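Student: Just one file: final03.cif, with mmCIF, C-alpha atoms.
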```cif
data_run
#
loop_
_atom_site.group_PDB
_atom_site.id
_atom_site.type_symbol
_atom_site.label_atom_id
_atom_site.label_comp_id
_atom_site.auth_asym_id
_atom_site.auth_seq_id
_atom_site.Cartn_x
_atom_site.Cartn_y
_atom_site.Cartn_z
ATOM 1 C CA MET S 638 -3.090 -140.737 84.467
ATOM 2 C CA LEU S 639 -5.434 -141.624 87.310
ATOM 3 C CA LEU S 640 -5.226 -139.730 90.594
ATOM 4 C CA SER S 641 -4.680 -141.676 93.793
ATOM 5 C CA CYS S 642 -7.799 -140.348 95.542
ATOM 6 C CA PHE S 643 -10.475 -137.647 95.463
ATOM 7 C CA GLN S 644 -9.367 -135.967 98.710
ATOM 8 C CA GLU S 645 -6.467 -136.480 101.120
ATOM 9 C CA ASP S 646 -7.903 -135.283 104.433
ATOM 10 C CA PHE S 647 -9.722 -138.506 105.339
ATOM 11 C CA LEU S 648 -9.220 -142.237 104.870
ATOM 12 C CA GLU S 649 -11.034 -142.780 101.596
ATOM 13 C CA ALA S 650 -12.659 -145.851 100.071
ATOM 14 C CA GLY S 651 -13.450 -146.110 96.372
ATOM 15 C CA CYS S 652 -16.669 -147.966 95.489
ATOM 16 C CA ASP S 653 -17.994 -149.432 92.254
ATOM 17 C CA GLU S 654 -20.351 -152.131 91.042
ATOM 18 C CA ALA S 655 -20.547 -154.676 88.236
ATOM 19 C CA GLY S 656 -23.503 -156.375 86.600
ATOM 20 C CA ARG S 657 -26.199 -153.706 86.578
ATOM 21 C CA GLY S 658 -27.049 -154.279 82.928
ATOM 22 C CA CYS S 659 -27.108 -158.077 83.057
ATOM 23 C CA LEU S 660 -30.129 -160.277 82.457
ATOM 24 C CA ALA S 661 -29.041 -162.896 84.959
ATOM 25 C CA GLY S 662 -27.098 -163.271 88.167
ATOM 26 C CA PRO S 663 -26.331 -160.893 91.019
ATOM 27 C CA VAL S 664 -24.958 -157.376 91.013
ATOM 28 C CA PHE S 665 -21.566 -157.215 92.736
ATOM 29 C CA ALA S 666 -19.949 -154.235 94.438
ATOM 30 C CA ALA S 667 -16.505 -153.595 95.880
ATOM 31 C CA ALA S 668 -15.002 -151.076 98.277
ATOM 32 C CA VAL S 669 -11.248 -150.486 98.335
ATOM 33 C CA ILE S 670 -8.973 -148.387 100.541
ATOM 34 C CA LEU S 671 -5.523 -147.935 98.999
ATOM 35 C CA PRO S 672 -2.403 -146.798 100.852
ATOM 36 C CA LYS S 673 -1.224 -143.234 100.273
ATOM 37 C CA GLY S 674 1.039 -142.938 97.269
ATOM 38 C CA PHE S 675 -0.160 -146.250 95.857
ATOM 39 C CA ILE S 676 1.000 -146.884 92.301
ATOM 40 C CA LEU S 677 0.087 -149.868 90.148
ATOM 41 C CA HIS S 678 1.034 -149.903 86.491
ATOM 42 C CA GLY S 679 -1.945 -150.620 84.271
ATOM 43 C CA LEU S 680 -4.605 -149.954 86.906
ATOM 44 C CA ASN S 681 -7.584 -148.409 85.151
ATOM 45 C CA ASP S 682 -11.339 -148.639 84.688
ATOM 46 C CA SER S 683 -12.075 -152.366 84.409
ATOM 47 C CA LYS S 684 -14.008 -151.787 81.167
ATOM 48 C CA GLN S 685 -10.802 -150.533 79.537
ATOM 49 C CA LEU S 686 -8.893 -153.701 80.412
ATOM 50 C CA SER S 687 -8.889 -157.215 79.044
ATOM 51 C CA HIS S 688 -9.960 -160.249 81.054
ATOM 52 C CA GLU S 689 -6.304 -161.226 81.397
ATOM 53 C CA GLN S 690 -5.253 -157.763 82.587
ATOM 54 C CA ARG S 691 -8.004 -157.685 85.222
ATOM 55 C CA ASP S 692 -7.012 -161.123 86.484
ATOM 56 C CA LEU S 693 -3.388 -160.012 86.835
ATOM 57 C CA LEU S 694 -4.310 -156.841 88.736
ATOM 58 C CA ARG S 695 -6.832 -158.413 91.117
ATOM 59 C CA PRO S 696 -4.390 -160.293 93.426
ATOM 60 C CA ILE S 697 -2.091 -157.271 93.592
ATOM 61 C CA ILE S 698 -4.955 -155.022 94.650
ATOM 62 C CA GLU S 699 -6.149 -157.557 97.218
ATOM 63 C CA ARG S 700 -2.626 -157.928 98.597
ATOM 64 C CA GLU S 701 -1.602 -154.258 98.664
ATOM 65 C CA ALA S 702 -4.858 -152.518 99.670
ATOM 66 C CA LEU S 703 -5.204 -151.288 103.230
ATOM 67 C CA ALA S 704 -8.667 -152.842 103.138
ATOM 68 C CA TRP S 705 -10.993 -154.289 100.508
ATOM 69 C CA ALA S 706 -14.318 -156.068 100.436
ATOM 70 C CA VAL S 707 -16.742 -157.461 97.863
ATOM 71 C CA ALA S 708 -20.471 -158.040 98.327
ATOM 72 C CA SER S 709 -23.518 -158.700 96.183
ATOM 73 C CA CYS S 710 -27.292 -158.617 95.825
ATOM 74 C CA ASP S 711 -28.823 -161.641 94.141
ATOM 75 C CA HIS S 712 -31.347 -161.749 91.311
ATOM 76 C CA GLU S 713 -34.304 -162.107 93.680
ATOM 77 C CA GLU S 714 -33.310 -158.975 95.615
ATOM 78 C CA ILE S 715 -32.849 -157.135 92.320
ATOM 79 C CA ASP S 716 -36.390 -158.088 91.258
ATOM 80 C CA ARG S 717 -37.775 -157.071 94.627
ATOM 81 C CA ILE S 718 -36.118 -153.645 95.139
ATOM 82 C CA ASN S 719 -34.979 -152.814 91.543
ATOM 83 C CA ILE S 720 -31.451 -152.798 90.149
ATOM 84 C CA LEU S 721 -30.530 -149.273 91.252
ATOM 85 C CA ASN S 722 -31.402 -149.916 94.888
ATOM 86 C CA ALA S 723 -29.760 -153.336 94.708
ATOM 87 C CA SER S 724 -26.554 -151.693 93.466
ATOM 88 C CA PHE S 725 -26.614 -149.286 96.404
ATOM 89 C CA LEU S 726 -27.308 -152.138 98.823
ATOM 90 C CA ALA S 727 -24.419 -154.201 97.452
ATOM 91 C CA MET S 728 -22.114 -151.200 97.932
ATOM 92 C CA HIS S 729 -23.356 -150.743 101.502
ATOM 93 C CA ARG S 730 -22.664 -154.406 102.193
ATOM 94 C CA ALA S 731 -19.133 -154.093 100.805
ATOM 95 C CA ILE S 732 -18.448 -150.977 102.887
ATOM 96 C CA GLU S 733 -19.792 -152.721 105.986
ATOM 97 C CA LYS S 734 -17.377 -155.625 105.435
ATOM 98 C CA LEU S 735 -14.241 -153.442 105.370
ATOM 99 C CA HIS S 736 -12.063 -154.337 108.352
ATOM 100 C CA THR S 737 -10.805 -150.726 108.406
ATOM 101 C CA PRO S 738 -13.726 -148.272 108.484
ATOM 102 C CA PRO S 739 -13.351 -145.501 105.883
ATOM 103 C CA GLU S 740 -13.872 -141.834 106.746
ATOM 104 C CA TYR S 741 -14.942 -140.837 103.234
ATOM 105 C CA LEU S 742 -16.466 -142.611 100.218
ATOM 106 C CA VAL S 743 -16.082 -141.933 96.522
ATOM 107 C CA ILE S 744 -18.729 -143.612 94.391
ATOM 108 C CA ASP S 745 -18.531 -144.280 90.676
ATOM 109 C CA GLY S 746 -21.561 -142.717 89.004
ATOM 110 C CA ASN S 747 -23.958 -139.874 89.715
ATOM 111 C CA ARG S 748 -26.245 -141.355 92.398
ATOM 112 C CA PHE S 749 -25.852 -143.091 95.742
ATOM 113 C CA LYS S 750 -27.855 -143.739 98.868
ATOM 114 C CA ALA S 751 -25.817 -142.237 101.703
ATOM 115 C CA TYR S 752 -24.075 -144.697 103.971
ATOM 116 C CA PRO S 753 -24.720 -143.883 107.650
ATOM 117 C CA GLN S 754 -22.252 -141.428 109.184
ATOM 118 C CA ILE S 755 -19.764 -141.506 106.280
ATOM 119 C CA PRO S 756 -19.746 -138.566 103.832
ATOM 120 C CA HIS S 757 -19.453 -139.332 100.147
ATOM 121 C CA SER S 758 -19.017 -137.866 96.693
ATOM 122 C CA CYS S 759 -20.359 -139.306 93.445
ATOM 123 C CA ILE S 760 -17.896 -139.123 90.559
ATOM 124 C CA ILE S 761 -19.178 -139.614 87.022
ATOM 125 C CA LYS S 762 -16.779 -142.020 85.256
ATOM 126 C CA GLY S 763 -14.806 -142.090 88.481
ATOM 127 C CA ASP S 764 -13.322 -145.486 87.627
ATOM 128 C CA GLY S 765 -11.320 -143.723 84.923
ATOM 129 C CA LYS S 766 -10.244 -140.873 87.217
ATOM 130 C CA TYR S 767 -9.268 -142.289 90.613
ATOM 131 C CA LEU S 768 -7.186 -145.356 91.439
ATOM 132 C CA ASN S 769 -9.310 -146.462 94.400
ATOM 133 C CA ILE S 770 -12.503 -146.508 92.297
ATOM 134 C CA ALA S 771 -10.655 -148.259 89.454
ATOM 135 C CA ALA S 772 -9.438 -150.882 91.930
ATOM 136 C CA ALA S 773 -13.009 -151.369 93.174
ATOM 137 C CA SER S 774 -14.241 -151.724 89.603
ATOM 138 C CA ILE S 775 -11.717 -154.492 88.943
ATOM 139 C CA LEU S 776 -12.584 -156.412 92.104
ATOM 140 C CA ALA S 777 -16.335 -156.135 91.495
ATOM 141 C CA LYS S 778 -15.940 -157.234 87.878
ATOM 142 C CA THR S 779 -13.558 -160.152 88.474
ATOM 143 C CA HIS S 780 -15.476 -161.536 91.449
ATOM 144 C CA ARG S 781 -18.746 -161.359 89.498
ATOM 145 C CA ASP S 782 -17.191 -162.917 86.388
ATOM 146 C CA GLU S 783 -15.909 -165.765 88.524
ATOM 147 C CA PHE S 784 -19.375 -166.287 90.009
ATOM 148 C CA MET S 785 -21.034 -166.380 86.580
ATOM 149 C CA SER S 786 -18.383 -168.736 85.184
ATOM 150 C CA ASN S 787 -19.135 -171.131 88.034
ATOM 151 C CA LEU S 788 -22.873 -170.907 87.287
ATOM 152 C CA HIS S 789 -22.103 -171.735 83.660
ATOM 153 C CA THR S 790 -21.205 -175.273 84.727
ATOM 154 C CA ASP S 791 -24.841 -175.938 85.658
ATOM 155 C CA TYR S 792 -26.423 -173.795 82.911
ATOM 156 C CA PRO S 793 -24.083 -174.042 79.874
ATOM 157 C CA GLU S 794 -26.856 -173.358 77.367
ATOM 158 C CA TYR S 795 -26.867 -169.614 78.197
ATOM 159 C CA GLY S 796 -23.158 -169.077 77.544
ATOM 160 C CA TRP S 797 -22.495 -167.337 80.857
ATOM 161 C CA GLN S 798 -18.842 -168.335 80.816
ATOM 162 C CA LYS S 799 -18.489 -165.949 77.876
ATOM 163 C CA ASN S 800 -21.247 -163.323 78.247
ATOM 164 C CA LYS S 801 -21.371 -163.301 82.094
ATOM 165 C CA GLY S 802 -25.135 -162.734 81.950
ATOM 166 C CA TYR S 803 -25.044 -159.622 79.738
ATOM 167 C CA PRO S 804 -27.698 -159.292 77.006
ATOM 168 C CA THR S 805 -25.803 -160.595 74.006
ATOM 169 C CA ILE S 806 -27.779 -161.789 71.016
ATOM 170 C CA ALA S 807 -26.852 -165.394 71.765
ATOM 171 C CA HIS S 808 -27.942 -165.054 75.384
ATOM 172 C CA ARG S 809 -31.309 -163.568 74.438
ATOM 173 C CA LYS S 810 -31.879 -166.238 71.795
ATOM 174 C CA ALA S 811 -31.163 -168.944 74.354
ATOM 175 C CA VAL S 812 -33.752 -167.455 76.728
ATOM 176 C CA ILE S 813 -36.360 -167.276 73.957
ATOM 177 C CA GLU S 814 -35.700 -170.894 72.917
ATOM 178 C CA ILE S 815 -35.150 -172.485 76.341
ATOM 179 C CA GLY S 816 -36.836 -170.155 78.807
ATOM 180 C CA LEU S 817 -35.565 -168.473 81.960
ATOM 181 C CA SER S 818 -33.134 -170.112 84.340
ATOM 182 C CA PRO S 819 -33.621 -169.842 88.114
ATOM 183 C CA PHE S 820 -30.957 -167.097 88.082
ATOM 184 C CA HIS S 821 -32.534 -164.763 85.523
ATOM 185 C CA ARG S 822 -33.908 -161.397 86.643
ATOM 186 C CA LYS S 823 -37.616 -161.689 85.969
ATOM 187 C CA THR S 824 -38.219 -157.921 85.960
ATOM 188 C CA PHE S 825 -35.771 -157.424 83.059
ATOM 189 C CA ASN S 826 -36.912 -157.452 79.431
ATOM 190 C CA VAL S 827 -35.183 -160.567 78.139
ATOM 191 C CA SER S 828 -37.031 -161.375 74.913
ATOM 192 C CA ALA S 829 -36.975 -158.105 72.976
ATOM 193 C CA PRO S 830 -38.212 -158.666 69.409
ATOM 194 C CA GLN S 831 -35.280 -156.919 67.701
ATOM 195 C CA LEU S 832 -32.322 -158.946 68.898
ATOM 196 C CA ASP S 833 -29.870 -157.069 66.689
ATOM 197 C CA LEU S 834 -30.346 -153.991 68.895
ATOM 198 C CA PHE S 835 -28.704 -155.793 71.807
ATOM 199 C CA SER S 836 -25.244 -156.787 70.650
ATOM 200 C CA ASN S 837 -23.267 -155.384 73.596
ATOM 201 C CA ASN S 838 -20.925 -157.931 75.148
ATOM 202 C CA ALA S 839 -19.673 -158.524 78.667
#
```
Once more with this new file: its structure as structure tokens, please.
Tutor:
Amino acid sequence: MLLSCFQEDFLEAGCDEAGRGCLAGPVFAAAVILPKGFILHGLNDSKQLSHEQRDLLRPIIEREALAWAVASCDHEEIDRINILNASFLAMHRAIEKLHTPPEYLVIDGNRFKAYPQIPHSCIIKGDGKYLNIAAASILAKTHRDEFMSNLHTDYPEYGWQKNKGYPTIAHRKAVIEIGLSPFHRKTFNVSAPQLDLFSNNA
């Protein structure tokens, strides 16, 4: 069972990102402040949930959270500053957008660039340990999936409606046969020779 928060002394925001391992599109991040004692059946790490489960949980989180925000860094920023720094920047942008400023941050993962004047802790696999990080993971994932599904309308040949820009075999084959779209990350290795090594899905 996930815990409500990492610490109870300060108003805490959970932060997570989605799309770091993609070949195309932006990286999204979310920051979520949940009310004390918040309970939501089924809330968990977004990777452990189905598309349908995430879509059911998203409006509840957005309605019940004390504050939430989603932000992104596009593919050009990712190429310019690298994906790790772009992930941190997207998180900073999400935190900055919160209408209620948090007093403490909990970040999914083991690294983070400190946000000015707000202490933080990095929690490895935090999205499977704390509800506020799990909520952030769901918002980041669903907002990014929605963005990539909309892009699919203009670039259907890459299958983004299904793979959301992740390096599936079909996605890589499409890049090799068609070439890069304007939304591909040019600093990522798209056309690896052994396609069967990259069968992970979105």
Student: Do you know which residues are at most 12 Å from region 781-787 of chain S counting only C-alpha atoms, after dropping those on the same chain fewer than 6 positions away, and could you put them as a ChimeraX atom specification?
Tutor: /S:654-657,659-667,683,688,691-692,695,707-711,774-775,793,795-803,820-821,839
Student: With only C-alpha atoms as the basis for distance, which of S:Asp682, S:Glu689, S:Glu794, S:Glu740 is at the shortest distance from Leu817 (chain S)?
Tutor: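 Ranking S:Asp682, S:Glu689, S:Glu794, S:Glu740 by distance to Leu817 (chain S), first place goes to S:Glu794.
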Student: Restricting the calculation to all atoms listed in the file, which member of S:Glu733, S:Asp653, S:Glu714, S:Glu699 is positioned closest to Lys778 (chain S)?
Tutor: S:Asp653
Student: To one decimal place, how far is CA of Arg730 (chain S) from CA of Cys642 (chain S) in Å?
Tutor: 21.5 Å
Student: Please determine, counting all atoms listed in the file, which residue among S:Arg700, S:Lys766, S:Lys734, S:Arg809 has the shortest atom-to-atom distance to Ser641 (chain S).
Tutor: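 Of S:Arg700, S:Lys766, S:Lys734, S:Arg809, the one nearest Ser641 (chain S), counting all atoms listed in the file, is S:Lys766.
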Student: Looking at S:Leu788, S:Met728, S:Met638, S:Cys652, which one is nearest to Cys759 (chain S), with distances taken over only C-alpha atoms?
Tutor: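 Checking each of S:Leu788, S:Met728, S:Met638, S:Cys652 against Cys759 (chain S), counting only C-alpha atoms, the winner is S:Cys652.
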Student: Quote the spacing between CA of Pro739 (chain S) and CA of Ala704 (chain S) in Å to one decimal place.
Tutor: 9.1 Å
Student: How far is it from CA of Phe825 (chain S) to CA of Asp764 (chain S), in Å with one decimal?
Tutor: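 Here the two named atoms are 25.8 Å from each other.
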Student: Could you tell me, as a PyMOL selection string, exactly which residues end up selected when the PyMOL selection byres ((chain S and resi 753-755) around 8) is applied to this structure?
Tutor: chain S and resi 739-742+751-752+756-757
Student: Restricting the calculation to all atoms listed in the file, which member of S:Ile676, S:Ala777, S:Leu703, S:Ile744 is positioned closest to Ile761 (chain S)?
Tutor: S:Ile744
Student: I'd like the residues picked by the PyMOL selection byres ((chain S and resi 760) around 8) written out as a PDB file with C-alpha atoms, in the coordinates of the input, using the chain letters and numbers from the file.
Tutor:
```
ATOM      1  CA  VAL S 743     -16.082-141.933  96.522  1.00  0.00           C
ATOM      2  CA  ILE S 744     -18.729-143.612  94.391  1.00  0.00           C
ATOM      3  CA  ASP S 745     -18.531-144.280  90.676  1.00  0.00           C
ATOM      4  CA  GLY S 746     -21.561-142.717  89.004  1.00  0.00           C
ATOM      5  CA  ASN S 747     -23.958-139.874  89.715  1.00  0.00           C
ATOM      6  CA  SER S 758     -19.017-137.866  96.693  1.00  0.00           C
ATOM      7  CA  CYS S 759     -20.359-139.306  93.445  1.00  0.00           C
ATOM      8  CA  ILE S 761     -19.178-139.614  87.022  1.00  0.00           C
ATOM      9  CA  LYS S 762     -16.779-142.020  85.256  1.00  0.00           C
ATOM     10  CA  GLY S 763     -14.806-142.090  88.481  1.00  0.00           C
TER      11      GLY S 763
END
```
Student: Using only C-alpha atoms, which residue out of S:Leu671, S:Ile732, S:Ala706, S:Val827 lies closest to Thr805 (chain S)?
Tutor: S:Val827
